[in-house]
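Participant: Sending over a structure as structure tokens; questions will come in a sec.
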Amino acid sequence: MADISSNFLGIKSPNPFWLASGPPTDKKYNVLRAFEAGWGGVVWKTLGSQVKNVSSRYSAVDFNGHRVMGFNNIELISDRPLEINLREIREVVREFPDRAVIVSLMADNNKESWHDLIKQTEDTGAHGIELNFGCPHGMSERGMGSSVGQNPDIAKMIVEWVMETATIPVITKLTPNVHSVVPTAKASVEGGTNALSLINTIQSITGIDLDNFVPNPNVGGKSTYGGYCGPAVKPIALKMVASLSLNSYTNKVPISGIGGISTWRDAVEFMLLGSTTIQVCTAVMTHGFRIVEDMIEGLNNWMDEKEFQTTNDFIGKSVPYLTKWGYLDMNYHVVADINQEKCISCGLCYITCEDTSHQAINVEFGNPYNKYTIKEDDCVGCNLCMLVCPVNDCITMLEKRKGSEYLNWLEYQKRGLPLNDH
């Protein structure tokens with residue numbers, strides 16, 4: 001059986017599945033339940049100055065009959081007294097010495113506060129620190145959270161403060177509420193951070209009550225921007241993780257991937273793009289801690305199937321396949337193919353292609369059902385028909401190259417070739 005254990009900056013855990021900083025890691029009771037279920041590590045909910053949370057705090061976006069496609073929260077850092085959190089962290093480390101215990105921190109914006117909080121955290125025996133530079137609500141109005149992550153100079157300064165006193169590994173958690181995560185990531189690496197984690201939540205409004213007109217969540221007739229997470233943000237998170245793996249400066253440090261991870265498949269995708277460990281939050285809030293059992297089994301089985309011995313064998317394996325648009329092969333071409341034995345004659349492919357694409361699908365009415373076939377000369381290989389088809393593998397894309405040589409956009413320009421070859 002494959003070895004799925006993780007070694008992240010010398011922090012060892014039996015598997016790469018960690019709980020992200022959030023409600024599931026707010027107290028000893030939750031963390032013990034998580035470890036008993038099999039989670040490899042946790043990032044304790046952010047500690048800092050005493051705060052008071054509001055009620056209500058959460059909202060969600062449902063889609064096509066599925067609950068919580070996207071999740072929104074306006075909850076702040078831990079509102080429990082610091083001394084209680086520190087005592088419970090110490091107890092958890094003692095009870096589960098084989099698990100990773102990282103503590104998320106957000107001190108006031110001065111060196112002394114950071115130094116003091118770090119020393120108190122290290123006294124618990126915690127294995128690492130995660131700097132919360134990402135919270136997009138509440139704390140950002142106080143000059144913390146995402147207001148730090150959005151300013152590379154401030155982020156670097158705080159990382160430098162932290163590294164002056166930290167003796168355990170430091171992970172910097174990045175905000176996605178920027179045009180690019182690379183500048184702050186680069187600044188954090190320059191400041192001395194040992195690792196990076198991303199993404200934190202994305203500013204959002206998930207919906208509005210059409211009767212009282214108040215956006216969700218409703219706090220006494222008012223609302224505010226919240227932090228968006230859950231399955232809906234996974235594509236954004238994957239892109240941002242990839243951008244760090246592709247950068248020659250930020251890829252010098254390991255990455256802990258976060259954002260919409262619900263299954264072992266999601267986790268593997270993050271690891272293929274460069275993540276060493278995986279952090280999960282929303283999925284356990286909607287399904288409970290025991291989802292890690294399927295994640296562990298799925299990862300084990302997949303690695304055995306692919307004959308990977310350790311996770312290091314495939315971490316970052318997909319990064320070389322990413323390139324700039326201008327380097328894509330213009331001669332590569334695919335066309336759709338409809339398997340008539342699987343087709344249920346719903347007509348979705350025809351409707352979408354006829355109304356919004358390239359009118360590349362033929363329809364023969366009757367017999368007794370409509371029959372749909374592809375007009376190969378008109379098909380541009382956009383994938384739309386395959387994506388909307390409700391039957392798995394009914395529509396597939398077949399390679400029909402338009403030239404034998406690799407030819408990218410830059411070569412097209414250099415040679416002065418015609419762009420419209422239809």
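Residue names in the structure tokens use chain letters A, B, ... in the order shown, residue numbers from 1 in each chain, and ligand numbers from 1 in the order shown.
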Using DSSP on the backbone, list every residue of range 46-241 of chain A that comes out as strand (DSSP E or B), and give them as a VMD selection string.
Facilitator: chain A and resid 46 to 48 58 to 63 66 to 73 100 to 106 128 to 132 170 to 173 195 to 198 202 to 204 208 215 219 222 226 to 229
Participant: Any chance you could export the current selection's N, CA and C atoms as a compact mmCIF listing (two decimals), in the first residue's frame?
Facilitator:
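Just written: again-v5.txt:
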# COMPACT_ATOMS: atom_id res chain seq x y z
N THR A 46 -7.91 31.06 14.24
CA THR A 46 -7.04 32.20 14.48
C THR A 46 -7.16 32.79 15.88
N LEU A 47 -6.01 32.95 16.53
CA LEU A 47 -5.93 33.58 17.85
C LEU A 47 -5.43 35.01 17.68
N GLY A 48 -5.90 35.88 18.56
CA GLY A 48 -5.48 37.28 18.54
C GLY A 48 -6.19 38.04 19.62
N TYR A 58 -23.69 32.90 8.83
CA TYR A 58 -23.44 32.12 7.62
C TYR A 58 -24.57 32.31 6.60
N SER A 59 -24.23 32.12 5.35
CA SER A 59 -25.22 32.02 4.27
C SER A 59 -24.62 31.12 3.20
N ALA A 60 -25.42 30.74 2.22
CA ALA A 60 -24.93 29.80 1.22
C ALA A 60 -25.62 30.01 -0.12
N VAL A 61 -25.02 29.44 -1.16
CA VAL A 61 -25.59 29.41 -2.50
C VAL A 61 -25.87 27.96 -2.85
N ASP A 62 -27.12 27.65 -3.17
CA ASP A 62 -27.49 26.32 -3.64
C ASP A 62 -27.54 26.34 -5.16
N PHE A 63 -27.35 25.17 -5.78
CA PHE A 63 -27.40 25.14 -7.24
C PHE A 63 -27.96 23.82 -7.73
N HIS A 66 -28.68 21.06 -5.34
CA HIS A 66 -27.60 20.71 -4.41
C HIS A 66 -27.40 21.83 -3.40
N ARG A 67 -27.37 21.47 -2.13
CA ARG A 67 -27.20 22.45 -1.08
C ARG A 67 -25.73 22.85 -0.94
N VAL A 68 -25.53 24.12 -0.62
CA VAL A 68 -24.22 24.68 -0.28
C VAL A 68 -23.16 24.42 -1.35
N MET A 69 -23.45 24.91 -2.56
CA MET A 69 -22.42 24.93 -3.59
C MET A 69 -21.33 25.92 -3.18
N GLY A 70 -21.77 27.03 -2.61
CA GLY A 70 -20.85 28.03 -2.09
C GLY A 70 -21.29 28.44 -0.70
N PHE A 71 -20.35 28.73 0.16
CA PHE A 71 -20.62 29.03 1.57
C PHE A 71 -20.02 30.38 1.90
N ASN A 72 -20.75 31.16 2.69
CA ASN A 72 -20.33 32.51 3.03
C ASN A 72 -20.37 32.69 4.55
N ASN A 73 -19.35 33.35 5.09
CA ASN A 73 -19.38 33.60 6.53
C ASN A 73 -18.88 35.00 6.84
N ALA A 100 -0.31 16.80 13.27
CA ALA A 100 0.20 18.16 13.09
C ALA A 100 -0.76 19.16 13.74
N VAL A 101 -0.24 20.00 14.59
CA VAL A 101 -1.04 21.07 15.20
C VAL A 101 -0.38 22.40 14.87
N ILE A 102 -1.01 23.13 13.97
CA ILE A 102 -0.57 24.46 13.55
C ILE A 102 -1.52 25.47 14.17
N VAL A 103 -1.04 26.61 14.56
CA VAL A 103 -1.91 27.62 15.17
C VAL A 103 -1.93 28.87 14.29
N SER A 104 -3.12 29.27 13.88
CA SER A 104 -3.29 30.48 13.09
C SER A 104 -3.26 31.70 14.02
N LEU A 105 -2.52 32.73 13.60
CA LEU A 105 -2.36 33.92 14.45
C LEU A 105 -2.67 35.20 13.67
N MET A 106 -3.19 36.20 14.39
CA MET A 106 -3.43 37.52 13.83
C MET A 106 -3.28 38.53 14.96
N GLY A 128 3.69 24.41 14.47
CA GLY A 128 3.89 25.47 13.49
C GLY A 128 2.91 26.61 13.69
N ILE A 129 3.16 27.69 12.96
CA ILE A 129 2.33 28.90 13.03
C ILE A 129 1.86 29.23 11.62
N GLU A 130 0.60 29.63 11.49
CA GLU A 130 0.10 30.15 10.22
C GLU A 130 -0.33 31.59 10.43
N LEU A 131 0.22 32.49 9.63
CA LEU A 131 -0.11 33.91 9.72
C LEU A 131 -1.34 34.19 8.88
N ASN A 132 -2.39 34.69 9.51
CA ASN A 132 -3.64 34.95 8.80
C ASN A 132 -3.59 36.32 8.15
N VAL A 170 6.92 28.63 10.05
CA VAL A 170 5.93 29.69 9.82
C VAL A 170 5.35 29.56 8.42
N ILE A 171 4.01 29.51 8.35
CA ILE A 171 3.27 29.46 7.08
C ILE A 171 2.52 30.78 6.94
N THR A 172 2.58 31.40 5.80
CA THR A 172 1.83 32.63 5.56
C THR A 172 0.62 32.33 4.69
N LYS A 173 -0.57 32.65 5.21
CA LYS A 173 -1.82 32.38 4.49
C LYS A 173 -2.23 33.62 3.71
N ALA A 195 6.79 28.78 4.47
CA ALA A 195 5.82 28.15 3.56
C ALA A 195 4.68 29.12 3.29
N LEU A 196 3.85 28.76 2.34
CA LEU A 196 2.68 29.56 1.97
C LEU A 196 1.44 28.67 2.01
N SER A 197 0.30 29.26 2.36
CA SER A 197 -0.97 28.54 2.25
C SER A 197 -1.98 29.46 1.57
N LEU A 198 -2.88 28.88 0.80
CA LEU A 198 -3.88 29.63 0.07
C LEU A 198 -4.89 28.65 -0.52
N ILE A 202 -13.10 34.50 -0.29
CA ILE A 202 -13.27 35.56 -1.29
C ILE A 202 -14.45 36.44 -0.90
N GLN A 203 -14.26 37.75 -0.92
CA GLN A 203 -15.36 38.66 -0.57
C GLN A 203 -16.59 38.38 -1.43
N SER A 204 -17.76 38.38 -0.80
CA SER A 204 -18.95 37.99 -1.54
C SER A 204 -20.23 38.48 -0.90
N ILE A 208 -29.90 37.82 -1.72
CA ILE A 208 -30.72 38.84 -1.06
C ILE A 208 -32.12 38.29 -0.83
N PRO A 215 -29.57 41.68 2.27
CA PRO A 215 -28.64 40.62 1.84
C PRO A 215 -28.39 39.62 2.97
N VAL A 219 -28.25 40.42 9.86
CA VAL A 219 -27.90 40.74 11.25
C VAL A 219 -28.71 41.96 11.67
N LYS A 222 -29.39 44.35 8.72
CA LYS A 222 -28.23 44.79 7.96
C LYS A 222 -27.38 43.58 7.59
N GLY A 226 -19.12 39.05 2.99
CA GLY A 226 -18.60 37.92 3.74
C GLY A 226 -17.48 37.24 2.99
N GLY A 227 -16.99 36.14 3.56
CA GLY A 227 -15.93 35.36 2.94
C GLY A 227 -16.51 34.13 2.28
N TYR A 228 -16.31 33.98 0.98
CA TYR A 228 -16.91 32.91 0.18
C TYR A 228 -15.95 31.74 0.07
N CYS A 229 -16.47 30.53 0.24
CA CYS A 229 -15.66 29.32 0.20
C CYS A 229 -16.54 28.17 -0.27
Participant: Show which residues sit within 9 Å of Pro254 in chain A, as an MDAnalysis selection string. Count only C-alpha atoms, and ignore same-chain residues fewer than 6 positions away.
Facilitator: chainID A and resid 8:9 194:197 274:277
Participant: Using C-alpha atoms, can you write the selected residues to a file as a compact mmCIF listing (two decimals), in the first residue's frame?
Facilitator:
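Done, and the output landed in part_37.txt:
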# COMPACT_ATOMS: atom_id res chain seq x y z
CA PHE A 8 5.75 19.52 5.74
CA LEU A 9 8.69 21.62 6.95
CA ASN A 194 8.95 28.99 5.58
CA ALA A 195 5.82 28.15 3.56
CA LEU A 196 2.68 29.56 1.97
CA SER A 197 -0.97 28.54 2.25
CA GLY A 274 2.16 21.81 -6.08
CA SER A 275 0.43 21.51 -2.69
CA THR A 276 2.19 19.33 -0.14
CA THR A 277 -0.67 19.32 2.36
Participant: From the options A:Val214, A:Val54, A:Val93, A:Val31, which residue's atoms come nearest to Gly125 in chain A, counting only C-alpha atoms?
Facilitator: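 That would be A:Val93, the residue with the smallest distance to Gly125 in chain A.
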Participant: Name the closest residue to Pro169 in chain A among the candidates A:Gly381, A:Pro97, A:Gly10, A:Gly326; distances are taken between atoms, counting only C-alpha atoms.
Facilitator: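 Of all the options, A:Gly10 lies closest to Pro169 in chain A.
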Participant: Please extract the residues of range 297-371 of chain A with a backbone DSSP assignment of alpha helix (DSSP H) and present them as a list in words.
Facilitator: Glu297, Gly298, Leu299, Asn300, Asn301, Trp302, Met303, Asp304, Glu305, Lys306, Leu348, Cys349, Tyr350, Ile351, Thr352, Cys353, Glu354, Asp355 and Thr356 of chain A
Participant: Determine, counting only C-alpha atoms, which protein, DNA and RNA residues have an atom within 10 Å of an atom of Leu238 in chain A; residues of the same chain fewer than 6 positions away are not included. Present the result as JSON, numbers by chain.
Facilitator: {"A": [198, 199, 257, 258, 259, 260, 266, 269, 270, 271, 272, 273, 274, 275]}
Participant: Can you work out which one of A:Asp79, A:Asp209, A:Asp337, A:Glu112 has the shortest atom-to-atom distance to Glu164 in chain A, counting only C-alpha atoms?
Facilitator: A:Glu112
Participant: Which of these, A:Val388, A:Leu348, A:Val363, A:Cys379, has the shortest distance to Lys400 in chain A once you count only C-alpha atoms?
Facilitator: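 Checking each candidate against Lys400 in chain A, we get A:Cys379 as the closest.
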Participant: What separation in Å, quoted to one decimal, exists between CA of Thr323 in chain A and CA of Thr175 in chain A?
Facilitator: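 The value is 24.0 Å.
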Participant: Determine, counting only C-alpha atoms, which protein, DNA and RNA residues have an atom within 12 Å of an atom of Pro81 in chain A; residues of the same chain fewer than 6 positions away are not included. Present the result as JSON, numbers by chain.
Facilitator: {"A": [26, 27, 46, 47, 48, 49, 50, 51, 52, 87, 88]}
Participant: Output C-alpha atoms for every residue in the selection just made, as a PDB file, in the first residue's frame.
Facilitator:
ATOM      1  CA  ASP A  26     -12.092  26.413  17.414  1.00  0.00           C
ATOM      2  CA  LYS A  27     -11.751  24.231  20.485  1.00  0.00           C
ATOM      3  CA  THR A  46      -7.035  32.198  14.477  1.00  0.00           C
ATOM      4  CA  LEU A  47      -5.931  33.582  17.845  1.00  0.00           C
ATOM      5  CA  GLY A  48      -5.476  37.280  18.536  1.00  0.00           C
ATOM      6  CA  SER A  49      -7.086  40.154  20.387  1.00  0.00           C
ATOM      7  CA  GLN A  50     -10.426  39.444  22.009  1.00  0.00           C
ATOM      8  CA  VAL A  51     -13.364  39.877  19.602  1.00  0.00           C
ATOM      9  CA  LYS A  52     -17.141  39.496  19.704  1.00  0.00           C
ATOM     10  CA  ARG A  87      -4.322  25.559  27.358  1.00  0.00           C
ATOM     11  CA  GLU A  88      -6.411  23.373  25.045  1.00  0.00           C
TER      12      GLU A  88
END
Participant: For Lys28 in chain A, list every protein, DNA or RNA residue within 10 Å, evaluated using only C-alpha atoms, and leave out those in the same chain fewer than 3 positions away; present the list as a PyMOL selection string.
Facilitator: chain A and resi 24-25+31-34+44+84-85+87-92
Participant: Taking only C-alpha atoms into account, which of A:Val233, A:Glu307, A:Ile74, A:Arg265 comes nearest Asn216 in chain A?
Facilitator: A:Ile74
Participant: From the set A:Val159, A:Ile77, A:Leu210, A:Ile236, which residue has the shortest atom-to-atom contact distance to Asn177 in chain A, counting only C-alpha atoms?
Facilitator: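 Selected residue with least distance to Asn177 in chain A: A:Ile236.
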Participant: Fewer than 5 positions away in the same chain doesn't count, so skip those; otherwise give me all residues within 10 Å of Thr396 in chain A, counting only C-alpha atoms, as a ChimeraX atom specification.
Facilitator: /A:334-339,383,385-387
Participant: Next, the residues of the selection above should be written as a JSON list (two decimals), in the first residue's frame with N, CA and C atoms.
Facilitator:
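Result went into out.json, see below:
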[["chain", "number", "residue", "atom", "x", "y", "z"],
["A", 334, "VAL", "N", -10.02, 19.19, -32.27],
["A", 334, "VAL", "CA", -10.91, 18.09, -31.92],
["A", 334, "VAL", "C", -12.31, 18.39, -32.44],
["A", 335, "VAL", "N", -13.07, 17.32, -32.68],
["A", 335, "VAL", "CA", -14.47, 17.47, -33.06],
["A", 335, "VAL", "C", -15.30, 16.54, -32.19],
["A", 336, "ALA", "N", -16.54, 16.89, -32.00],
["A", 336, "ALA", "CA", -17.43, 16.09, -31.16],
["A", 336, "ALA", "C", -17.88, 14.83, -31.89],
["A", 337, "ASP", "N", -18.17, 13.80, -31.10],
["A", 337, "ASP", "CA", -18.70, 12.55, -31.64],
["A", 337, "ASP", "C", -19.79, 12.06, -30.71],
["A", 338, "ILE", "N", -20.98, 11.79, -31.24],
["A", 338, "ILE", "CA", -22.12, 11.36, -30.43],
["A", 338, "ILE", "C", -22.30, 9.85, -30.55],
["A", 339, "ASN", "N", -22.27, 9.17, -29.42],
["A", 339, "ASN", "CA", -22.52, 7.73, -29.38],
["A", 339, "ASN", "C", -24.03, 7.51, -29.44],
["A", 383, "ASN", "N", -16.17, 21.95, -26.96],
["A", 383, "ASN", "CA", -16.55, 21.07, -25.83],
["A", 383, "ASN", "C", -17.94, 21.35, -25.25],
["A", 385, "CYS", "N", -21.08, 20.96, -26.20],
["A", 385, "CYS", "CA", -22.07, 19.88, -26.28],
["A", 385, "CYS", "C", -21.74, 18.76, -25.30],
["A", 386, "MET", "N", -20.47, 18.43, -25.19],
["A", 386, "MET", "CA", -20.05, 17.38, -24.26],
["A", 386, "MET", "C", -20.33, 17.80, -22.81],
["A", 387, "LEU", "N", -20.13, 19.07, -22.50],
["A", 387, "LEU", "CA", -20.30, 19.56, -21.14],
["A", 387, "LEU", "C", -21.76, 19.58, -20.70]]
Participant: Excluding same-chain residues fewer than 6 positions from His115 in chain A, what lies within 10 Å of it counting only C-alpha atoms, as a ChimeraX atom specification?
Facilitator: /A:107,121,161-166
